[in-house]
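As stored in my_file12.cif (mmCIF, C-alpha atoms and all ligand atoms):
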```
data_entry
#
loop_
_atom_site.label_atom_id
_atom_site.label_comp_id
_atom_site.auth_asym_id
_atom_site.auth_seq_id
_atom_site.Cartn_x
_atom_site.Cartn_y
_atom_site.Cartn_z
CA MET J 232 37.50 -53.77 18.00
CA PRO J 233 35.64 -51.12 15.90
CA ARG J 234 34.31 -48.22 18.00
CA LEU J 235 30.57 -47.74 18.29
CA ALA J 236 29.19 -45.02 16.02
CA LEU J 237 27.91 -43.51 19.26
CA ALA J 238 31.56 -43.03 20.25
CA GLY J 239 32.72 -41.70 16.87
CA GLY J 240 33.19 -44.99 15.01
CA THR J 241 31.84 -45.88 11.56
CA PRO J 242 28.17 -46.94 11.52
CA VAL J 243 27.35 -50.49 10.43
CA ARG J 244 24.88 -49.10 7.94
CA THR J 245 24.45 -45.85 6.04
CA ARG J 246 21.99 -47.06 3.39
CA PRO J 247 18.33 -46.30 4.15
CA PHE J 248 15.89 -49.15 4.71
CA THR J 249 12.77 -49.67 2.56
CA ARG J 250 10.73 -46.49 2.33
CA TRP J 251 7.19 -46.41 3.63
CA PRO J 252 4.49 -46.10 2.44
CA ASP J 253 5.13 -48.17 -0.64
CA HIS J 254 3.22 -47.59 -3.90
CA ASP J 255 3.41 -48.26 -7.62
CA GLU J 256 1.46 -47.98 -10.87
CA ARG J 257 -1.54 -49.69 -9.34
CA GLU J 258 -2.24 -46.93 -6.80
CA ARG J 259 -1.51 -44.29 -9.44
CA ALA J 260 -4.07 -45.81 -11.84
CA LEU J 261 -6.69 -46.19 -9.10
CA LEU J 262 -6.18 -42.60 -7.95
CA LEU J 263 -6.62 -41.32 -11.47
CA GLU J 264 -9.77 -43.40 -11.85
CA ALA J 265 -11.16 -41.87 -8.66
CA LEU J 266 -10.22 -38.38 -9.81
CA GLU J 267 -11.98 -38.80 -13.12
CA ALA J 268 -15.08 -40.32 -11.56
CA ARG J 269 -15.82 -36.83 -10.12
CA SER J 270 -17.49 -38.16 -7.02
CA TRP J 271 -14.77 -37.66 -4.48
CA GLY J 272 -16.42 -37.88 -1.10
CA GLY J 273 -17.82 -40.71 0.98
CA TYR J 274 -21.43 -39.85 0.13
CA PRO J 275 -23.61 -41.65 -0.81
CA PHE J 276 -22.08 -43.77 1.95
CA PRO J 277 -19.54 -45.23 1.51
CA ASN J 278 -19.40 -44.49 -2.27
CA THR J 279 -17.90 -46.64 -5.01
CA PHE J 280 -14.19 -47.08 -4.27
CA ALA J 281 -14.84 -47.24 -0.54
CA ASP J 282 -17.46 -49.93 -1.09
CA ARG J 283 -15.01 -52.00 -3.14
CA PHE J 284 -12.36 -51.50 -0.47
CA ALA J 285 -14.76 -52.33 2.37
CA THR J 286 -15.90 -55.54 0.70
CA ALA J 287 -12.33 -56.73 0.17
CA PHE J 288 -11.26 -55.65 3.68
CA ALA J 289 -14.20 -57.46 5.29
CA GLU J 290 -13.37 -60.62 3.38
CA ALA J 291 -9.70 -60.44 4.34
CA HIS J 292 -10.68 -60.17 8.03
CA ASP J 293 -13.58 -62.67 8.03
CA ALA J 294 -15.98 -59.89 8.98
CA ARG J 295 -19.58 -59.57 7.80
CA HIS J 296 -19.31 -55.76 7.74
CA ALA J 297 -16.44 -53.33 7.24
CA LEU J 298 -17.25 -49.62 7.44
CA PRO J 299 -14.62 -47.18 6.18
CA VAL J 300 -14.11 -44.11 8.39
CA ALA J 301 -11.88 -41.06 8.71
CA ASN J 302 -9.25 -42.48 11.12
CA GLY J 303 -8.55 -45.13 13.73
CA THR J 304 -9.41 -42.94 16.71
CA VAL J 305 -12.96 -42.36 15.51
CA ALA J 306 -13.17 -46.04 14.50
CA ILE J 307 -12.79 -46.88 18.21
CA GLU J 308 -15.31 -44.21 19.20
CA ILE J 309 -17.83 -45.48 16.62
CA ALA J 310 -17.34 -49.11 17.66
CA LEU J 311 -17.87 -48.23 21.34
CA LYS J 312 -20.89 -46.06 20.54
CA ALA J 313 -22.40 -48.75 18.33
CA ALA J 314 -21.85 -51.31 21.10
CA GLY J 315 -24.07 -49.17 23.32
CA LEU J 316 -21.52 -47.46 25.58
CA ARG J 317 -23.25 -44.87 27.81
CA PRO J 318 -21.89 -41.91 29.79
CA GLY J 319 -20.44 -43.10 33.09
CA ASP J 320 -19.77 -46.67 31.86
CA GLU J 321 -16.30 -48.11 32.45
CA VAL J 322 -14.12 -49.54 29.69
CA ILE J 323 -11.17 -51.76 30.58
CA LEU J 324 -8.13 -51.37 28.34
CA PRO J 325 -4.38 -51.98 28.53
CA ALA J 326 -2.14 -49.31 30.04
CA TYR J 327 0.43 -50.12 27.35
CA THR J 328 -1.01 -48.63 24.17
CA PHE J 329 -1.31 -45.38 22.26
CA GLU J 330 -3.35 -42.65 23.91
CA ALA J 331 -5.87 -42.90 21.05
CA SER J 332 -7.14 -46.20 22.49
CA ALA J 333 -8.37 -44.34 25.57
CA ALA J 334 -9.37 -40.89 24.26
CA PRO J 335 -12.54 -42.12 22.50
CA VAL J 336 -13.76 -43.54 25.82
CA LEU J 337 -13.49 -40.09 27.39
CA ARG J 338 -15.11 -38.44 24.38
CA LEU J 339 -18.16 -40.62 24.98
CA GLU J 340 -18.15 -39.41 28.63
CA ALA J 341 -17.21 -42.90 29.80
CA VAL J 342 -14.32 -43.90 32.07
CA PRO J 343 -11.14 -45.67 30.90
CA VAL J 344 -9.82 -48.21 33.41
CA PHE J 345 -6.15 -49.03 32.75
CA VAL J 346 -5.05 -52.60 33.39
CA ASP J 347 -1.62 -54.19 33.11
CA VAL J 348 -0.36 -56.36 30.25
CA LEU J 349 1.13 -59.87 30.11
CA PRO J 350 4.95 -60.04 30.17
CA SER J 351 4.90 -62.53 27.27
CA THR J 352 2.98 -60.48 24.67
CA TRP J 353 2.61 -56.98 26.22
CA CYS J 354 -1.13 -57.34 25.51
CA LEU J 355 -3.95 -56.93 28.03
CA ASP J 356 -3.81 -59.40 30.96
CA PRO J 357 -7.05 -61.44 31.15
CA ALA J 358 -6.81 -62.20 34.90
CA ALA J 359 -6.12 -58.55 35.76
CA THR J 360 -9.03 -57.58 33.50
CA GLU J 361 -11.41 -59.85 35.32
CA ALA J 362 -10.24 -58.45 38.65
CA ALA J 363 -10.94 -54.89 37.45
CA ILE J 364 -14.58 -55.53 36.47
CA THR J 365 -17.13 -53.54 38.50
CA THR J 366 -20.88 -53.07 38.25
CA ARG J 367 -20.18 -50.10 35.93
CA THR J 368 -17.98 -52.03 33.46
CA ARG J 369 -19.58 -52.12 30.03
CA ALA J 370 -16.78 -53.08 27.65
CA ILE J 371 -13.29 -54.57 27.32
CA LEU J 372 -10.98 -53.04 24.74
CA PRO J 373 -8.01 -55.38 24.09
CA VAL J 374 -5.27 -53.93 21.88
CA HIS J 375 -3.35 -56.22 19.53
CA LEU J 376 0.05 -54.67 20.15
CA ALA J 377 3.03 -54.42 17.81
CA MET J 378 3.26 -58.08 16.70
CA CYS J 379 1.10 -59.98 19.19
CA MET J 380 -2.64 -60.52 19.40
CA ALA J 381 -4.41 -60.27 22.74
CA ASP J 382 -5.87 -63.51 24.14
CA MET J 383 -9.22 -63.33 22.39
CA ASP J 384 -10.44 -66.68 23.77
CA ALA J 385 -10.11 -65.31 27.29
CA PHE J 386 -11.72 -61.95 26.56
CA THR J 387 -14.71 -63.33 24.68
CA ALA J 388 -15.27 -65.86 27.50
CA ILE J 389 -15.05 -63.17 30.22
CA ALA J 390 -17.35 -60.90 28.22
CA GLU J 391 -19.94 -63.60 27.74
CA LYS J 392 -19.88 -64.55 31.41
CA ARG J 393 -20.14 -60.94 32.61
CA GLY J 394 -22.40 -59.51 29.89
CA LEU J 395 -19.81 -57.13 28.42
CA ALA J 396 -18.91 -55.99 24.92
CA VAL J 397 -15.46 -56.70 23.46
CA ILE J 398 -14.11 -54.07 21.08
CA GLU J 399 -10.75 -54.97 19.49
CA ASP J 400 -8.25 -52.18 18.84
CA CYS J 401 -6.71 -53.53 15.62
CA ALA J 402 -4.61 -50.48 14.71
CA HIS J 403 -1.52 -52.75 14.56
CA ALA J 404 -3.19 -55.92 13.33
CA HIS J 405 -4.11 -55.77 9.64
CA GLY J 406 -4.30 -59.32 8.39
CA ALA J 407 -3.65 -60.94 11.78
CA LYS J 408 -5.64 -64.08 12.58
CA TRP J 409 -6.55 -65.82 15.82
CA LYS J 410 -7.28 -69.52 15.27
CA LYS J 411 -7.64 -68.66 11.57
CA VAL J 412 -10.24 -65.94 12.21
CA GLY J 413 -9.42 -62.35 11.34
CA ALA J 414 -8.62 -59.65 13.87
CA GLY J 415 -11.63 -57.38 14.20
CA SER J 416 -14.20 -60.15 13.87
CA LEU J 417 -13.62 -61.90 17.18
CA GLY J 418 -15.50 -59.50 19.49
CA GLN J 419 -18.56 -57.33 18.97
CA ALA J 420 -16.58 -54.92 16.78
CA GLY J 421 -13.06 -54.07 15.71
CA ALA J 422 -11.38 -50.75 14.94
CA PHE J 423 -8.49 -50.37 12.49
CA SER J 424 -6.26 -47.37 11.76
CA LEU J 425 -5.02 -46.62 8.25
CA GLN J 426 -2.67 -43.81 9.29
CA THR J 427 0.66 -43.42 7.46
CA SER J 428 2.81 -45.63 9.68
CA LYS J 429 0.36 -48.56 9.61
CA LEU J 430 0.54 -51.84 7.65
CA LEU J 431 -2.24 -50.63 5.37
CA THR J 432 -2.48 -46.92 4.75
CA ALA J 433 -3.89 -43.99 2.82
CA GLY J 434 -2.17 -41.44 5.03
CA GLU J 435 -5.25 -41.30 7.25
CA GLY J 436 -8.30 -43.50 7.51
CA GLY J 437 -9.88 -46.25 9.55
CA VAL J 438 -12.28 -49.19 9.41
CA VAL J 439 -14.92 -50.48 11.82
CA THR J 440 -15.57 -54.22 11.47
CA THR J 441 -18.33 -56.31 12.96
CA ASN J 442 -20.25 -59.52 12.38
CA ASP J 443 -23.34 -58.13 14.06
CA ASP J 444 -25.94 -56.50 11.78
CA GLU J 445 -27.37 -54.24 14.48
CA THR J 446 -23.94 -52.99 15.53
CA ALA J 447 -23.16 -52.30 11.87
CA GLU J 448 -26.39 -50.36 11.45
CA ARG J 449 -25.73 -48.15 14.48
CA ALA J 450 -22.12 -47.63 13.39
CA GLU J 451 -23.14 -46.63 9.89
CA SER J 452 -25.66 -44.12 11.17
CA TYR J 453 -23.06 -42.59 13.52
CA ILE J 454 -20.52 -42.33 10.66
CA ASN J 455 -22.94 -40.90 8.12
CA CYS J 456 -24.51 -37.88 9.87
CA GLY J 457 -27.20 -39.95 11.58
CA ARG J 458 -28.73 -41.20 8.34
CA ALA J 459 -30.40 -44.57 8.23
CA SER J 460 -28.01 -47.30 7.20
CA ARG J 461 -28.31 -48.87 3.77
CA ALA J 462 -30.01 -51.87 5.38
CA ASP J 463 -32.12 -49.88 7.88
CA ARG J 464 -33.56 -53.08 9.24
CA PHE J 465 -33.62 -52.17 12.91
CA GLY J 466 -34.36 -48.43 12.83
CA HIS J 467 -31.22 -47.67 14.88
CA ARG J 468 -30.58 -44.08 13.84
CA LEU J 469 -28.23 -42.07 16.02
CA VAL J 470 -27.27 -38.44 16.27
CA GLY J 471 -24.32 -38.84 13.94
CA PHE J 472 -21.36 -36.97 12.56
CA ASN J 473 -19.51 -36.99 9.29
CA HIS J 474 -16.75 -39.55 9.80
CA ARG J 475 -16.61 -40.64 6.15
CA LEU J 476 -13.54 -41.62 4.14
CA THR J 477 -12.83 -39.98 0.75
CA GLU J 478 -12.74 -41.84 -2.54
CA PHE J 479 -9.07 -40.87 -3.03
CA GLN J 480 -8.15 -42.65 0.18
CA ALA J 481 -10.27 -45.65 -0.76
CA ALA J 482 -8.59 -45.84 -4.19
CA VAL J 483 -5.12 -45.93 -2.60
CA LEU J 484 -6.33 -48.47 -0.05
CA LEU J 485 -7.58 -50.82 -2.74
CA GLY J 486 -4.05 -50.96 -4.14
CA GLN J 487 -2.49 -51.26 -0.69
CA LEU J 488 -4.79 -54.10 0.32
CA GLU J 489 -3.80 -56.11 -2.75
CA LYS J 490 -0.17 -55.87 -1.61
CA LEU J 491 -0.76 -56.70 2.05
CA PRO J 492 -0.55 -60.54 1.91
CA ALA J 493 2.81 -60.55 0.11
CA GLN J 494 4.19 -57.83 2.40
CA SER J 495 2.99 -59.69 5.50
CA ALA J 496 4.67 -62.89 4.34
CA ARG J 497 7.92 -61.05 3.62
CA ARG J 498 7.90 -59.35 7.02
CA ALA J 499 7.19 -62.66 8.72
CA ALA J 500 10.13 -64.33 6.97
CA ARG J 501 12.49 -61.48 7.88
CA ALA J 502 11.17 -61.46 11.45
CA GLU J 503 11.90 -65.15 11.76
CA ARG J 504 15.49 -64.59 10.63
CA LEU J 505 15.88 -61.69 13.05
CA GLY J 506 14.33 -63.65 15.91
CA ARG J 507 16.67 -66.59 15.38
CA ALA J 508 19.67 -64.29 15.60
CA LEU J 509 18.46 -62.25 18.59
CA ASP J 510 17.56 -65.35 20.54
CA GLY J 511 21.22 -66.18 20.92
CA ILE J 512 22.31 -62.77 22.23
CA ASP J 513 22.80 -62.49 25.95
CA GLY J 514 20.53 -59.82 27.49
CA LEU J 515 17.95 -59.81 24.70
CA ALA J 516 14.68 -61.78 24.70
CA LEU J 517 11.85 -62.14 22.24
CA VAL J 518 8.19 -61.44 22.88
CA GLU J 519 6.16 -64.61 22.57
CA PRO J 520 3.14 -64.35 20.26
CA ASP J 521 0.42 -66.74 21.44
CA PRO J 522 0.48 -69.98 19.38
CA ARG J 523 -3.28 -69.52 18.85
CA GLN J 524 -2.38 -66.54 16.68
CA THR J 525 -2.24 -68.27 13.29
CA SER J 526 -1.35 -65.33 11.02
CA PRO J 527 1.11 -62.62 11.97
CA ALA J 528 0.82 -58.85 11.61
CA ILE J 529 4.12 -57.21 12.42
CA TYR J 530 3.48 -53.49 12.76
CA GLN J 531 6.53 -53.14 14.96
CA TYR J 532 9.12 -55.82 15.62
CA VAL J 533 9.59 -55.65 19.38
CA PHE J 534 12.06 -57.33 21.68
CA ARG J 535 13.12 -57.10 25.29
CA TYR J 536 16.37 -55.56 26.58
CA ASP J 537 17.89 -56.43 29.94
CA ALA J 538 20.23 -53.67 31.14
CA THR J 539 21.88 -55.92 33.73
CA ALA J 540 23.37 -58.02 30.90
CA PHE J 541 24.73 -54.81 29.34
CA GLU J 542 26.66 -53.68 32.45
CA GLY J 543 23.78 -51.44 33.49
CA ALA J 544 23.63 -49.35 30.28
CA SER J 545 20.02 -48.19 30.01
CA ARG J 546 17.63 -49.25 27.27
CA ASP J 547 17.61 -45.65 26.03
CA ARG J 548 21.41 -45.79 25.64
CA PHE J 549 21.10 -49.06 23.72
CA VAL J 550 18.48 -47.55 21.41
CA ALA J 551 20.64 -44.45 20.84
CA ALA J 552 23.59 -46.72 20.00
CA LEU J 553 21.53 -48.81 17.57
CA GLU J 554 20.21 -45.71 15.86
CA ALA J 555 23.74 -44.32 15.56
CA GLU J 556 24.70 -47.57 13.81
CA GLY J 557 22.09 -46.71 11.15
CA ILE J 558 19.19 -48.83 12.42
CA PRO J 559 16.04 -46.75 12.99
CA CYS J 560 14.45 -47.81 16.28
CA ASP J 561 12.62 -46.60 19.33
CA GLY J 562 12.48 -47.32 23.05
CA LEU J 563 9.79 -45.21 24.66
CA PHE J 564 7.40 -45.79 21.79
CA TYR J 565 4.45 -45.79 24.18
CA GLU J 566 4.29 -44.61 27.76
CA PRO J 567 1.82 -46.08 30.22
CA VAL J 568 -1.22 -44.07 29.07
CA TYR J 569 -2.04 -43.01 32.64
CA ARG J 570 1.34 -41.18 32.83
CA SER J 571 1.48 -39.82 29.31
CA SER J 572 1.64 -36.12 28.61
CA LEU J 573 -0.56 -36.78 25.55
CA PHE J 574 -3.24 -37.81 27.99
CA ALA J 575 -3.22 -34.67 30.11
CA VAL J 576 -6.59 -34.91 31.81
CA ARG J 577 -7.28 -32.40 34.57
CA PRO J 578 -9.82 -32.84 37.33
CA GLY J 579 -13.13 -31.42 36.10
CA ASP J 580 -12.38 -31.92 32.38
CA PHE J 581 -14.85 -34.77 31.97
CA ARG J 582 -18.08 -35.08 33.93
CA ALA J 583 -17.90 -38.89 33.97
CA LEU J 584 -14.68 -38.71 35.98
CA GLY J 585 -16.18 -36.71 38.86
CA ASP J 586 -13.83 -34.38 40.75
CA GLY J 587 -10.64 -36.40 40.31
CA VAL J 588 -8.70 -38.36 37.77
CA PRO J 589 -9.46 -42.01 38.58
CA TRP J 590 -6.11 -43.32 37.32
CA ALA J 591 -4.02 -40.87 39.38
CA GLU J 592 -2.80 -43.74 41.57
CA THR J 593 -2.75 -46.45 38.88
CA ARG J 594 0.54 -48.30 38.51
CA CYS J 595 0.98 -51.25 36.12
CA PRO J 596 4.44 -52.73 36.74
CA VAL J 597 4.72 -54.86 33.59
CA THR J 598 3.73 -51.88 31.45
CA GLU J 599 6.13 -49.56 33.28
CA ARG J 600 9.04 -51.95 32.86
CA ALA J 601 8.29 -52.47 29.19
CA ALA J 602 7.84 -48.77 28.48
CA TYR J 603 10.75 -47.32 30.45
CA GLU J 604 13.32 -50.12 30.65
CA GLU J 605 12.84 -53.10 28.36
CA SER J 606 11.14 -52.57 25.05
CA VAL J 607 12.95 -51.96 21.76
CA TRP J 608 10.75 -51.18 18.73
CA LEU J 609 11.66 -51.55 15.05
CA HIS J 610 9.15 -50.14 12.58
CA HIS J 611 7.89 -52.71 10.05
CA PRO J 612 9.53 -51.33 6.86
CA VAL J 613 12.92 -52.50 8.16
CA LEU J 614 11.57 -56.01 7.56
CA LEU J 615 10.40 -55.36 4.01
CA GLY J 616 13.81 -55.40 2.38
CA SER J 617 16.48 -58.06 1.83
CA GLU J 618 17.95 -60.64 4.21
CA LYS J 619 21.03 -58.41 4.25
CA ASP J 620 18.92 -55.69 5.90
CA VAL J 621 18.17 -58.09 8.74
CA ASP J 622 21.80 -59.14 8.94
CA ASP J 623 22.81 -55.47 9.29
CA ILE J 624 20.45 -55.09 12.26
CA VAL J 625 21.97 -58.18 13.85
CA GLU J 626 25.52 -56.99 13.13
CA ALA J 627 24.78 -53.61 14.72
CA ILE J 628 23.39 -55.26 17.84
CA ALA J 629 26.32 -57.67 18.07
CA LYS J 630 28.72 -54.75 17.74
CA ILE J 631 27.01 -52.97 20.64
CA ARG J 632 27.05 -56.17 22.69
CA ASP J 633 30.81 -56.46 22.12
CA ASN J 634 31.49 -52.85 23.02
CA LEU J 635 29.94 -52.21 26.39
CA ASP J 636 32.52 -49.61 27.44
CA ASP J 637 31.49 -47.36 24.57
CA LEU J 638 27.84 -48.10 25.25
CA ARG J 639 28.11 -47.06 28.90
CA THR J 640 30.23 -43.96 28.42
CA ALA J 641 29.81 -42.45 24.94
CA ASP J 642 28.55 -38.89 24.86
CA HIS J 643 26.53 -38.36 21.70
CA PRO J 644 23.59 -36.10 20.82
CA LEU J 645 21.38 -39.18 20.29
CA VAL J 646 21.82 -40.22 23.92
CA HIS J 647 20.65 -36.78 25.02
CA LEU J 648 17.82 -36.82 22.50
CA LYS J 649 16.49 -40.13 23.75
CA SER J 650 16.67 -39.01 27.39
CA LEU J 651 15.16 -35.62 26.50
CA ASN J 652 12.27 -37.30 24.70
CA ARG J 653 11.65 -39.27 27.76
CA ALA J 654 11.87 -36.34 30.15
CA ALA J 655 9.58 -34.23 27.96
CA ARG J 656 6.95 -36.95 27.74
CA ARG J 657 6.92 -37.81 31.42
C1 LIG J 701 -3.04 -48.78 19.20
C2 LIG J 701 -3.63 -47.63 18.44
N1 LIG J 701 -4.91 -47.35 18.60
C3 LIG J 701 -5.50 -46.35 17.92
C4 LIG J 701 -4.80 -45.56 17.04
C5 LIG J 701 -5.48 -44.41 16.37
O1 LIG J 701 -5.46 -44.41 14.99
P1 LIG J 701 -5.40 -43.07 14.12
O2 LIG J 701 -4.05 -42.47 14.26
O3 LIG J 701 -5.71 -43.55 12.75
O4 LIG J 701 -6.48 -42.17 14.63
C6 LIG J 701 -3.46 -45.83 16.83
C7 LIG J 701 -2.69 -45.01 15.86
O5 LIG J 701 -1.56 -44.74 15.92
C8 LIG J 701 -2.84 -46.88 17.55
O6 LIG J 701 -1.54 -47.17 17.39
#
```
Rewritten as structure tokens:
Amino acid sequence: MPRLALAGGTPVRTRPFTRWPDHDERERALLLEALEARSWGGYPFPNTFADRFATAFAEAHDARHALPVANGTVAIEIALKAAGLRPGDEVILPAYTFEASAAPVLRLEAVPVFVDVLPSTWCLDPAATEAAITTRTRAILPVHLAMCMADMDAFTAIAEKRGLAVIEDCAHAHGAKWKKVGAGSLGQAGAFSLQTSKLLTAGEGGVVTTNDDETAERAESYINCGRASRADRFGHRLVGFNHRLTEFQAAVLLGQLEKLPAQSARRAARAERLGRALDGIDGLALVEPDPRQTSPAIYQYVFRYDATAFEGASRDRFVAALEAEGIPCDGLFYEPVYRSSLFAVRPGDFRALGDGVPWAETRCPVTERAAYEESVWLHHPVLLGSEKDVDDIVEAIAKIRDNLDDLRTADHPLVHLKSLNRAARR
């Protein structure tokens, strides 16, 4: 039996996977056009390329408005602000997400309330959300995570019943649809990231989407230094900032958006092939996107690892072994936000929190298991190549599965790196 690369054997794969971001002549031509237009910023808001991009993005996501902004973190802040979030309000969000889902809540002097996720999708749990609602709750912030959409039927129903706003964190969900309606147009507003790793990117950038004219007007004012929106129908001017996107980014995004449908279809086909193969491997299980999600967005292909079926070898060991076989992957991609060192909030840092840190005692068991023991994450470009790329991933996993002695005992820098990462972040 061939030794694992972790134990000094030959890796299954040495060729790199598809590079990301992808670009071609189209982006080059658009960039040159933007350069020669000599109007490079996002003023007058949103300017020409950004307006073209916003119109196409809105259409692709079934949204009445799409407002281009500087990044996904401020997109969440703007969406919350435009939805009327006030200092001291509570916002319910999943514990299993990137820290940037929660930081904008604090920046608006409001209070993030971390709630557990469903074991099936690793997205916010509707029943646990309802149980966490208090008289101070103002908004629910579901995150469409990795390759699954949150249960938007449940969240819009809860919000309507309890008089709350729903703001979708769509950083992973470009092109995803719930019952044929685009992510970002199911709640009061949506917030997308266009950062380098994302399915649609200009290196940095973001979009706020909404179907509500008043929300759009407030958002636009907040993005564009407090100016009146182009419509200015409601007189909702806010003390604003400059959160505008540049024309260079918008030019690249126009090209990227044209490619998104074909890339999404390719990723979905590769994911299906991978899923079929993984389903038959003892100790691995697939996440289960809700059948009401009618179009996929696979930002990360995620699956579940069960150490007991691998003679107790930890998930981090498995991930180190897979990486040594030439398959880029991650385990502790996200920590529970309330434990994350990127979310180092000290008592007294934020007035809305009072003297303590409200989540000091929070524990979300499904999130903790997923983050520290179960989840394996494959970044989307590994699904953009050939079927052979997928078969290499499967071959590497099968090799690990057949070589549990090596998996349990091999001493390799990657094993230490993965454990170190984890220790440093805890
Ligand atoms: C779930 C989630 N929310 C928000 C963000 C923030 O986006 P950005 O990095 O563009 O500020 C990210 C980005 O990584 C994310 O993954």
Next on the checklist: Please compute the atom CA of Cys354 of chain J-atom CA of Asp382 of chain J distance, one decimal, in Å.
Outcome noted: 7.9 Å
Checklist entry - Which residues, written as a VMD selection string, have at least one atom at most 7 Å from Leu298 of chain J, with only C-alpha atoms counted and residues fewer than 4 positions away on the same chain left out? => result chain J and resid 285 438 to 440
Checklist entry - What do you get as a PyMOL selection string if you pick all residues at most 10 Å from ligand LIG 701 (chain J), counting only C-alpha atoms and all ligand atoms? => result chain J and resi 300-307+325+327-335+373-377+399-404+422-429+432+434-438+530+565
Next on the checklist: Can you tell me which residues surround Phe288 of chain J at a distance of at most 12 Å, considering all atoms listed in the file, apart from same-chain residues fewer than 3 positions away, and format the answer as a ChimeraX atom specification?
Outcome noted: /J:281-285,291-299,405-406,413-416,423,425,431,437-441,481,484-489,491-492
Output the selection as a compact mmCIF listing (two decimals), in the frame of the given file - C-alpha atoms for each residue.
```
# COMPACT_ATOMS: atom_id res chain seq x y z
CA ALA J 281 -14.84 -47.24 -0.54
CA ASP J 282 -17.46 -49.93 -1.09
CA ARG J 283 -15.01 -52.00 -3.14
CA PHE J 284 -12.36 -51.50 -0.47
CA ALA J 285 -14.76 -52.33 2.37
CA ALA J 291 -9.70 -60.44 4.34
CA HIS J 292 -10.68 -60.17 8.03
CA ASP J 293 -13.58 -62.67 8.03
CA ALA J 294 -15.98 -59.89 8.98
CA ARG J 295 -19.58 -59.57 7.80
CA HIS J 296 -19.31 -55.76 7.74
CA ALA J 297 -16.44 -53.33 7.24
CA LEU J 298 -17.25 -49.62 7.44
CA PRO J 299 -14.62 -47.18 6.18
CA HIS J 405 -4.11 -55.77 9.64
CA GLY J 406 -4.30 -59.32 8.39
CA GLY J 413 -9.42 -62.35 11.34
CA ALA J 414 -8.62 -59.65 13.87
CA GLY J 415 -11.63 -57.38 14.20
CA SER J 416 -14.20 -60.15 13.87
CA PHE J 423 -8.49 -50.37 12.49
CA LEU J 425 -5.02 -46.62 8.25
CA LEU J 431 -2.24 -50.63 5.37
CA GLY J 437 -9.88 -46.25 9.55
CA VAL J 438 -12.28 -49.19 9.41
CA VAL J 439 -14.92 -50.48 11.82
CA THR J 440 -15.57 -54.22 11.47
CA THR J 441 -18.33 -56.31 12.96
CA ALA J 481 -10.27 -45.65 -0.76
CA LEU J 484 -6.33 -48.47 -0.05
CA LEU J 485 -7.58 -50.82 -2.74
CA GLY J 486 -4.05 -50.96 -4.14
CA GLN J 487 -2.49 -51.26 -0.69
CA LEU J 488 -4.79 -54.10 0.32
CA GLU J 489 -3.80 -56.11 -2.75
CA LEU J 491 -0.76 -56.70 2.05
CA PRO J 492 -0.55 -60.54 1.91
```
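Atom to atom, atom CA of Gly579 of chain J and atom CA of His474 of chain J stand 27.8 Å apart.
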Item to check | Of the listed residues J:Glu308, J:Asp521, J:Asp384, J:Asp537, that which approaches Gly471 of chain J most closely, counting all atoms listed in the file | outcome: J:Glu308
Item to check | Spatial neighbours of segment 610-613 of chain J, 6 Å, only C-alpha atoms, chain gap at least 5 places, as JSON, numbers by chain | outcome: {"J": [248, 249, 530, 531]}
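Taking atom CA of Leu395 of chain J as the reference point, atom CA of Ile364 of chain J is found at 9.7 Å.
Of the residues listed (J:Thr360, J:Thr640, J:Thr477, J:Thr368), J:Thr477 shows the shortest atom-to-atom separation from Thr279 of chain J; distances use only C-alpha atoms.
Compared by their closest atoms to Val625 of chain J, and using all atoms listed in the file, the residues J:Ile398, J:Asp463, J:Val576, J:Arg244 rank with J:Arg244 nearest.
Each of J:Val483, J:Leu515, J:Val412, J:Ala287 was checked against Phe549 of chain J using only C-alpha atoms; the smallest atom-to-atom distance is that of J:Leu515.
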With the input short on atoms, add N, CA and C atoms back to segment 324-331 of chain J and write it as a CSV table (one decimal), in the frame of the given file.
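Writing done, so here's out-v6.csv:
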```csv
chain,number,residue,atom,x,y,z
J,324,LEU,N,-9.1,-51.3,29.5
J,324,LEU,CA,-8.1,-51.4,28.3
J,324,LEU,C,-6.7,-51.4,28.9
J,325,PRO,N,-5.8,-51.9,28.0
J,325,PRO,CA,-4.4,-52.0,28.5
J,325,PRO,C,-3.8,-50.6,28.8
J,326,ALA,N,-2.9,-50.5,29.8
J,326,ALA,CA,-2.1,-49.3,30.0
J,326,ALA,C,-1.1,-49.1,29.0
J,327,TYR,N,-0.6,-50.2,28.3
J,327,TYR,CA,0.4,-50.1,27.4
J,327,TYR,C,-0.2,-50.1,26.0
J,328,THR,N,-0.4,-48.8,25.5
J,328,THR,CA,-1.0,-48.6,24.2
J,328,THR,C,-0.9,-47.2,23.8
J,329,PHE,N,-1.3,-46.8,22.6
J,329,PHE,CA,-1.3,-45.4,22.3
J,329,PHE,C,-2.5,-44.7,23.0
J,330,GLU,N,-2.3,-43.4,23.2
J,330,GLU,CA,-3.4,-42.6,23.9
J,330,GLU,C,-4.7,-42.7,23.2
J,331,ALA,N,-4.6,-42.9,21.8
J,331,ALA,CA,-5.9,-42.9,21.0
J,331,ALA,C,-6.8,-44.1,21.4
```
